[in-house]
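Raw contents of final20.txt, compact mmCIF, C-alpha atoms:
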```
# COMPACT_ATOMS: atom_id res chain seq x y z
CA MET A 1 -14.15 -17.04 4.98
CA LYS A 2 -13.06 -13.44 4.54
CA LEU A 3 -10.26 -11.64 6.35
CA TRP A 4 -11.01 -8.04 7.31
CA VAL A 5 -7.98 -6.12 8.55
CA GLY A 6 -7.99 -2.88 10.50
CA LEU A 7 -4.65 -1.07 10.26
CA GLY A 8 -3.20 0.76 13.25
CA ASN A 9 -0.53 0.70 15.91
CA PRO A 10 -0.81 -1.21 19.21
CA GLY A 11 -0.71 0.40 22.63
CA ALA A 12 -2.78 2.88 24.60
CA GLU A 13 -0.58 5.78 23.49
CA HIS A 14 -1.69 5.19 19.87
CA ALA A 15 -5.36 4.34 20.47
CA ALA A 16 -6.83 7.77 19.62
CA GLN A 17 -4.49 8.61 16.73
CA ARG A 18 -5.76 9.26 13.19
CA HIS A 19 -3.50 6.44 11.96
CA ASN A 20 -5.57 4.02 14.10
CA ILE A 21 -8.92 4.61 12.43
CA GLY A 22 -8.59 1.13 10.86
CA PHE A 23 -8.39 -0.44 14.34
CA MET A 24 -11.37 1.68 15.40
CA ALA A 25 -13.44 0.47 12.45
CA ALA A 26 -12.61 -3.19 13.15
CA GLU A 27 -13.50 -2.76 16.82
CA ARG A 28 -16.84 -1.11 16.01
CA ILE A 29 -17.74 -3.85 13.51
CA ALA A 30 -16.88 -6.56 16.07
CA LEU A 31 -19.03 -4.86 18.69
CA ARG A 32 -21.99 -4.14 16.42
CA HIS A 33 -22.10 -7.65 14.95
CA HIS A 34 -21.45 -9.52 18.22
CA PHE A 35 -18.13 -11.09 17.25
CA GLY A 36 -16.23 -13.31 19.66
CA PRO A 37 -13.63 -11.93 22.06
CA TRP A 38 -10.37 -10.55 20.71
CA ARG A 39 -7.50 -13.02 21.17
CA ARG A 40 -3.81 -13.00 20.31
CA LYS A 41 -3.25 -14.73 17.01
CA PHE A 42 -1.20 -14.21 13.84
CA ARG A 43 0.96 -11.55 15.52
CA GLY A 44 -2.21 -9.59 16.02
CA ALA A 45 -5.55 -9.50 17.78
CA ALA A 46 -8.26 -11.54 16.06
CA SER A 47 -12.01 -11.82 16.50
CA ASP A 48 -14.41 -13.84 14.39
CA GLY A 49 -18.07 -13.73 13.60
CA VAL A 50 -20.64 -13.82 10.83
CA ILE A 51 -21.98 -10.90 8.81
CA ALA A 52 -24.68 -11.42 6.16
CA GLY A 53 -24.05 -15.17 6.28
CA GLU A 54 -20.32 -14.75 5.59
CA LYS A 55 -17.73 -15.91 8.14
CA ILE A 56 -15.42 -12.98 8.84
CA LEU A 57 -12.11 -12.95 10.70
CA LEU A 58 -11.29 -9.45 11.91
CA LEU A 59 -7.59 -8.82 12.46
CA LYS A 60 -5.73 -5.94 14.08
CA PRO A 61 -2.01 -6.50 13.38
CA LEU A 62 0.02 -5.81 16.52
CA THR A 63 3.30 -5.60 14.59
CA TYR A 64 3.08 -1.81 14.28
CA MET A 65 1.98 -0.27 11.02
CA ASN A 66 5.27 -0.76 9.18
CA GLU A 67 5.06 -4.57 9.46
CA SER A 68 1.28 -5.09 9.19
CA GLY A 69 1.76 -7.35 6.18
CA GLU A 70 3.51 -10.00 8.28
CA SER A 71 0.43 -10.45 10.46
CA VAL A 72 -1.93 -10.49 7.47
CA GLN A 73 0.28 -12.96 5.61
CA ALA A 74 0.26 -15.33 8.62
CA ALA A 75 -3.55 -15.23 8.85
CA MET A 76 -3.92 -15.76 5.10
CA ALA A 77 -1.53 -18.73 5.10
CA PHE A 78 -3.28 -20.39 8.05
CA HIS A 79 -6.73 -20.03 6.49
CA ARG A 80 -5.52 -20.56 2.88
CA LEU A 81 -6.91 -17.25 1.71
CA ALA A 82 -6.12 -15.39 -1.49
CA PRO A 83 -5.54 -11.61 -1.64
CA GLY A 84 -9.06 -11.27 -3.05
CA ASP A 85 -10.43 -12.61 0.26
CA VAL A 86 -8.84 -9.73 2.18
CA LEU A 87 -10.38 -6.34 2.92
CA VAL A 88 -8.34 -3.61 4.63
CA PHE A 89 -9.64 -0.59 6.60
CA HIS A 90 -7.10 2.24 6.70
CA ASP A 91 -6.67 5.97 7.15
CA GLU A 92 -6.60 8.06 4.00
CA LEU A 93 -5.04 11.54 3.85
CA ASP A 94 -6.42 12.27 0.39
CA LEU A 95 -10.04 12.08 1.52
CA ALA A 96 -11.86 14.69 3.56
CA PRO A 97 -12.53 13.73 7.17
CA GLY A 98 -15.44 11.29 7.39
CA LYS A 99 -15.49 10.37 3.70
CA VAL A 100 -15.15 6.74 2.60
CA ARG A 101 -14.06 5.13 -0.65
CA VAL A 102 -13.59 1.47 -1.48
CA LYS A 103 -11.13 0.41 -4.14
CA GLN A 104 -9.40 -2.74 -5.32
CA GLY A 105 -5.62 -2.56 -4.95
CA GLY A 106 -3.70 0.52 -5.95
CA GLY A 107 -0.53 2.18 -4.80
CA ALA A 108 0.54 2.72 -1.20
CA ALA A 109 0.71 6.54 -1.55
CA GLY A 110 3.28 6.72 1.24
CA HIS A 111 1.15 4.69 3.69
CA ASN A 112 3.56 2.33 5.47
CA GLY A 113 0.84 -0.16 6.40
CA LEU A 114 -0.23 -0.50 2.77
CA ARG A 115 3.39 -0.66 1.68
CA SER A 116 3.93 -3.61 4.06
CA LEU A 117 0.78 -5.34 2.80
CA ASP A 118 1.90 -4.88 -0.80
CA ARG A 119 5.27 -6.39 0.06
CA HIS A 120 3.86 -9.43 1.92
CA VAL A 121 0.57 -10.22 0.16
CA GLY A 122 0.44 -8.11 -3.01
CA ASN A 123 -1.93 -5.26 -3.75
CA ALA A 124 -5.02 -7.15 -4.91
CA THR A 125 -6.79 -6.61 -1.58
CA LEU A 126 -9.95 -4.56 -1.30
CA ARG A 127 -9.30 -1.30 0.53
CA VAL A 128 -11.75 0.72 2.57
CA ARG A 129 -10.19 4.19 2.66
CA LEU A 130 -11.36 6.18 5.69
CA GLY A 131 -10.79 9.90 5.23
CA ILE A 132 -8.82 11.77 7.89
CA GLY A 133 -8.01 14.83 5.76
CA HIS A 134 -4.65 16.28 4.81
CA PRO A 135 -2.91 18.82 7.05
CA GLY A 136 -2.11 21.02 4.04
CA HIS A 137 1.62 20.46 3.62
CA LYS A 138 3.69 17.29 3.30
CA ASP A 139 5.97 18.35 6.17
CA LEU A 140 2.95 18.20 8.51
CA VAL A 141 1.77 14.72 7.50
CA HIS A 142 3.78 12.69 10.03
CA ASN A 143 2.48 14.64 13.03
CA HIS A 144 -1.03 14.71 11.58
CA VAL A 145 -1.42 10.94 11.18
CA LEU A 146 0.28 10.22 14.51
CA GLY A 147 -1.72 12.92 16.26
CA ASN A 148 -4.86 12.18 18.23
CA PHE A 149 -8.26 13.03 16.84
CA ALA A 150 -9.32 16.40 18.26
CA LYS A 151 -12.45 16.77 20.38
CA SER A 152 -14.00 18.58 17.43
CA ASP A 153 -13.46 15.43 15.31
CA ARG A 154 -15.41 13.17 17.68
CA ALA A 155 -18.86 13.89 16.23
CA TRP A 156 -18.01 12.96 12.63
CA LEU A 157 -15.71 10.11 13.73
CA GLU A 158 -18.38 8.39 15.83
CA LEU A 159 -20.92 8.86 13.05
CA LEU A 160 -18.48 7.37 10.53
CA LEU A 161 -17.57 4.35 12.66
CA ASP A 162 -21.24 3.61 13.34
CA ALA A 163 -22.07 3.94 9.63
CA VAL A 164 -19.23 1.59 8.60
CA ALA A 165 -20.42 -1.00 11.13
CA ASP A 166 -24.07 -0.61 10.09
CA ALA A 167 -23.23 -0.94 6.38
CA ALA A 168 -20.75 -3.82 6.85
CA PRO A 169 -23.25 -6.44 5.57
CA LEU A 170 -23.02 -4.80 2.15
CA LEU A 171 -19.24 -5.31 2.17
CA ALA A 172 -19.71 -8.94 3.21
CA GLU A 173 -22.05 -9.39 0.24
CA GLY A 174 -19.50 -7.85 -2.15
CA ARG A 175 -21.60 -4.73 -2.75
CA ALA A 176 -18.91 -2.05 -2.33
CA GLU A 177 -20.74 0.68 -4.28
CA GLU A 178 -23.86 0.24 -2.16
CA PHE A 179 -21.69 0.23 0.97
CA MET A 180 -20.23 3.63 0.02
CA THR A 181 -23.68 5.03 -0.73
CA ARG A 182 -25.08 3.75 2.57
CA VAL A 183 -22.17 5.19 4.57
CA ALA A 184 -22.54 8.55 2.81
CA LEU A 185 -26.25 8.61 3.64
CA LEU A 186 -25.70 7.65 7.28
CA THR A 187 -23.00 10.28 7.77
CA GLN A 188 -24.92 13.24 6.36
CA PRO A 189 -25.66 15.93 8.91
CA ALA A 190 -29.11 15.40 10.47
CA LYS A 191 -30.66 18.41 8.68
CA ASP A 192 -29.67 16.92 5.28
CA ARG A 193 -31.20 13.49 5.83
```

Is it possible to express this structure as structure tokens?
Amino acid sequence: MKLWVGLGNPGAEHAAQRHNIGFMAAERIALRHHFGPWRRKFRGAASDGVIAGEKILLLKPLTYMNESGESVQAAMAFHRLAPGDVLVFHDELDLAPGKVRVKQGGGAAGHNGLRSLDRHVGNATLRVRLGIGHPGHKDLVHNHVLGNFAKSDRAWLELLLDAVADAAPLLAEGRAEEFMTRVALLTQPAKDR
């Protein structure tokens, strides 16, 4: 079994925020791959299913971003999972909007959700970094990540979420490089395909 975690904040007021792109990715994967219903578990919302023959537990921590690691730690302990069994979808300021990179571990770079994960489970998890772009100055970061996606963002955001869900079998098979290539191909503007 693998644990795939989407980072975000609970509540309708946070649903469309850039910081919640991890929740959005988890929800799109669950929908596309016909996972079971979301239920309260591990201080979060959990849904399970199978992708490419691999049993996957999707988890959206409902502890708020700053304590995401508590929810992930509870799920890992219950299922006896190691950090290497965990994959995390999260927003990434240092990537252009719609770009995706996968990396093993690394620093938190000021991301409170990653900081909490590092504190509770270590930083050996696989991270799917979903680009939301940087607002240009560090003083603008807080409002940027906690701001809603603009209407003008919807086209690339929907394309990205669909591409991540479509390419998810490659992640389940441990083929991160191919996953990134597939997402990049699926998110190219139509005239470039």

All file atoms of segment 116-126 of chain A boxed axis-aligned, 3 Å per side, centre plus edges, as JSON:
```
{"center_x": -2.3, "center_y": -6.9, "center_z": -0.4, "size_x": 21.2, "size_y": 12.6, "size_z": 15.0}
```

Closest of A:Met24, A:Ala168, A:Leu146, A:Ala108 to Leu130 of chain A - atom-to-atom distances counting only C-alpha atoms: A:Met24

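You can rank A:Phe89, A:Arg101, A:Asn66, A:Glu173 by their closest distance to Ala52 of chain A using only C-alpha atoms, and at the top of that list sits A:Glu173.
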
Residues within 8 Å of Glu70 of chain A, all atoms listed in the file, excluding chain neighbours under 5 positions, as a ChimeraX atom specification: /A:43,63,116-117,120

Residue among A:Phe149, A:Arg39, A:Asp118, A:Ala74 lying closest to His14 of chain A, counting all atoms listed in the file: A:Phe149

Residues near Pro135 of chain A, cut-off 9 Å, all atoms listed in the file, skip fewer than 4 positions along chain, as number ranges by chain: A: 93, 139-141, 144

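Atom CA of Met65 of chain A sits 12.0 Å away from atom CA of Ile21 of chain A.
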
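If you look at atom CA of Ala109 of chain A and atom CA of Gly133 of chain A, they are 14.1 Å away from each other.
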
Spatial neighbours of Ala75 of chain A, max dist 12 Å, all atoms listed in the file, sep filter under 2 positions, as a PyMOL selection string: chain A and resi 1-5+40-47+57-61+68-73+77-83+85-86+120-121

Any chance you could export the current selection's C-alpha atoms as a PDB file, in the coordinates of the input?
```pdb
ATOM      1  CA  MET A   1     -14.150 -17.040   4.980  1.00  0.00           C
ATOM      2  CA  LYS A   2     -13.060 -13.440   4.540  1.00  0.00           C
ATOM      3  CA  LEU A   3     -10.260 -11.640   6.350  1.00  0.00           C
ATOM      4  CA  TRP A   4     -11.010  -8.040   7.310  1.00  0.00           C
ATOM      5  CA  VAL A   5      -7.980  -6.120   8.550  1.00  0.00           C
ATOM      6  CA  ARG A  40      -3.810 -13.000  20.310  1.00  0.00           C
ATOM      7  CA  LYS A  41      -3.250 -14.730  17.010  1.00  0.00           C
ATOM      8  CA  PHE A  42      -1.200 -14.210  13.840  1.00  0.00           C
ATOM      9  CA  ARG A  43       0.960 -11.550  15.520  1.00  0.00           C
ATOM     10  CA  GLY A  44      -2.210  -9.590  16.020  1.00  0.00           C
ATOM     11  CA  ALA A  45      -5.550  -9.500  17.780  1.00  0.00           C
ATOM     12  CA  ALA A  46      -8.260 -11.540  16.060  1.00  0.00           C
ATOM     13  CA  SER A  47     -12.010 -11.820  16.500  1.00  0.00           C
ATOM     14  CA  LEU A  57     -12.110 -12.950  10.700  1.00  0.00           C
ATOM     15  CA  LEU A  58     -11.290  -9.450  11.910  1.00  0.00           C
ATOM     16  CA  LEU A  59      -7.590  -8.820  12.460  1.00  0.00           C
ATOM     17  CA  LYS A  60      -5.730  -5.940  14.080  1.00  0.00           C
ATOM     18  CA  PRO A  61      -2.010  -6.500  13.380  1.00  0.00           C
ATOM     19  CA  SER A  68       1.280  -5.090   9.190  1.00  0.00           C
ATOM     20  CA  GLY A  69       1.760  -7.350   6.180  1.00  0.00           C
ATOM     21  CA  GLU A  70       3.510 -10.000   8.280  1.00  0.00           C
ATOM     22  CA  SER A  71       0.430 -10.450  10.460  1.00  0.00           C
ATOM     23  CA  VAL A  72      -1.930 -10.490   7.470  1.00  0.00           C
ATOM     24  CA  GLN A  73       0.280 -12.960   5.610  1.00  0.00           C
ATOM     25  CA  ALA A  77      -1.530 -18.730   5.100  1.00  0.00           C
ATOM     26  CA  PHE A  78      -3.280 -20.390   8.050  1.00  0.00           C
ATOM     27  CA  HIS A  79      -6.730 -20.030   6.490  1.00  0.00           C
ATOM     28  CA  ARG A  80      -5.520 -20.560   2.880  1.00  0.00           C
ATOM     29  CA  LEU A  81      -6.910 -17.250   1.710  1.00  0.00           C
ATOM     30  CA  ALA A  82      -6.120 -15.390  -1.490  1.00  0.00           C
ATOM     31  CA  PRO A  83      -5.540 -11.610  -1.640  1.00  0.00           C
ATOM     32  CA  ASP A  85     -10.430 -12.610   0.260  1.00  0.00           C
ATOM     33  CA  VAL A  86      -8.840  -9.730   2.180  1.00  0.00           C
ATOM     34  CA  HIS A 120       3.860  -9.430   1.920  1.00  0.00           C
ATOM     35  CA  VAL A 121       0.570 -10.220   0.160  1.00  0.00           C
TER      36      VAL A 121
END
```

Neighbour list for His33 of chain A as a PyMOL selection string, cut-off 12 Å, only C-alpha atoms, skip fewer than 3 positions in-chain: chain A and resi 26-30+36-37+47-56+58+162+164-169

Residue with smallest distance to Ala150 of chain A - pool A:Ala16, A:Ala163, A:Leu7, A:Leu126, counting only C-alpha atoms: A:Ala16

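Across the model, the gap from atom CA of His90 of chain A to atom CA of Arg154 of chain A is 17.6 Å.
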
Nearest to Gly174 of chain A, chosen from A:Gln17, A:Asn112, A:Gln104, A:Asn148, with all atoms listed in the file counted in the distances: A:Gln104

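Of the listed residues A:Pro189, A:His111, A:Ala96, A:Asn9, the one whose atoms come nearest to Leu62 of chain A is A:Asn9, with distances taken using all atoms listed in the file.
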
Go ahead and find all residues with at least one atom no further than 9 Å from (-10.6, 8.6, 9.1) in the file's coordinates, using all atoms listed in the file; report them as a PDB file with C-alpha atoms, in the frame of the given file.
```
ATOM      1  CA  ARG A  18      -5.760   9.260  13.190  1.00  0.00           C
ATOM      2  CA  HIS A  19      -3.500   6.440  11.960  1.00  0.00           C
ATOM      3  CA  ASN A  20      -5.570   4.020  14.100  1.00  0.00           C
ATOM      4  CA  ILE A  21      -8.920   4.610  12.430  1.00  0.00           C
ATOM      5  CA  GLY A  22      -8.590   1.130  10.860  1.00  0.00           C
ATOM      6  CA  HIS A  90      -7.100   2.240   6.700  1.00  0.00           C
ATOM      7  CA  ASP A  91      -6.670   5.970   7.150  1.00  0.00           C
ATOM      8  CA  GLU A  92      -6.600   8.060   4.000  1.00  0.00           C
ATOM      9  CA  LEU A  93      -5.040  11.540   3.850  1.00  0.00           C
ATOM     10  CA  LEU A  95     -10.040  12.080   1.520  1.00  0.00           C
ATOM     11  CA  ALA A  96     -11.860  14.690   3.560  1.00  0.00           C
ATOM     12  CA  PRO A  97     -12.530  13.730   7.170  1.00  0.00           C
ATOM     13  CA  GLY A  98     -15.440  11.290   7.390  1.00  0.00           C
ATOM     14  CA  LYS A  99     -15.490  10.370   3.700  1.00  0.00           C
ATOM     15  CA  VAL A 100     -15.150   6.740   2.600  1.00  0.00           C
ATOM     16  CA  ARG A 129     -10.190   4.190   2.660  1.00  0.00           C
ATOM     17  CA  LEU A 130     -11.360   6.180   5.690  1.00  0.00           C
ATOM     18  CA  GLY A 131     -10.790   9.900   5.230  1.00  0.00           C
ATOM     19  CA  ILE A 132      -8.820  11.770   7.890  1.00  0.00           C
ATOM     20  CA  GLY A 133      -8.010  14.830   5.760  1.00  0.00           C
ATOM     21  CA  LEU A 157     -15.710  10.110  13.730  1.00  0.00           C
ATOM     22  CA  LEU A 160     -18.480   7.370  10.530  1.00  0.00           C
ATOM     23  CA  LEU A 161     -17.570   4.350  12.660  1.00  0.00           C
TER      24      LEU A 161
END
```

Who sits within 8 Å of Glu177 of chain A, all atoms listed in the file, same chain under 3 positions skipped, as a PyMOL selection string: chain A and resi 102+180-181
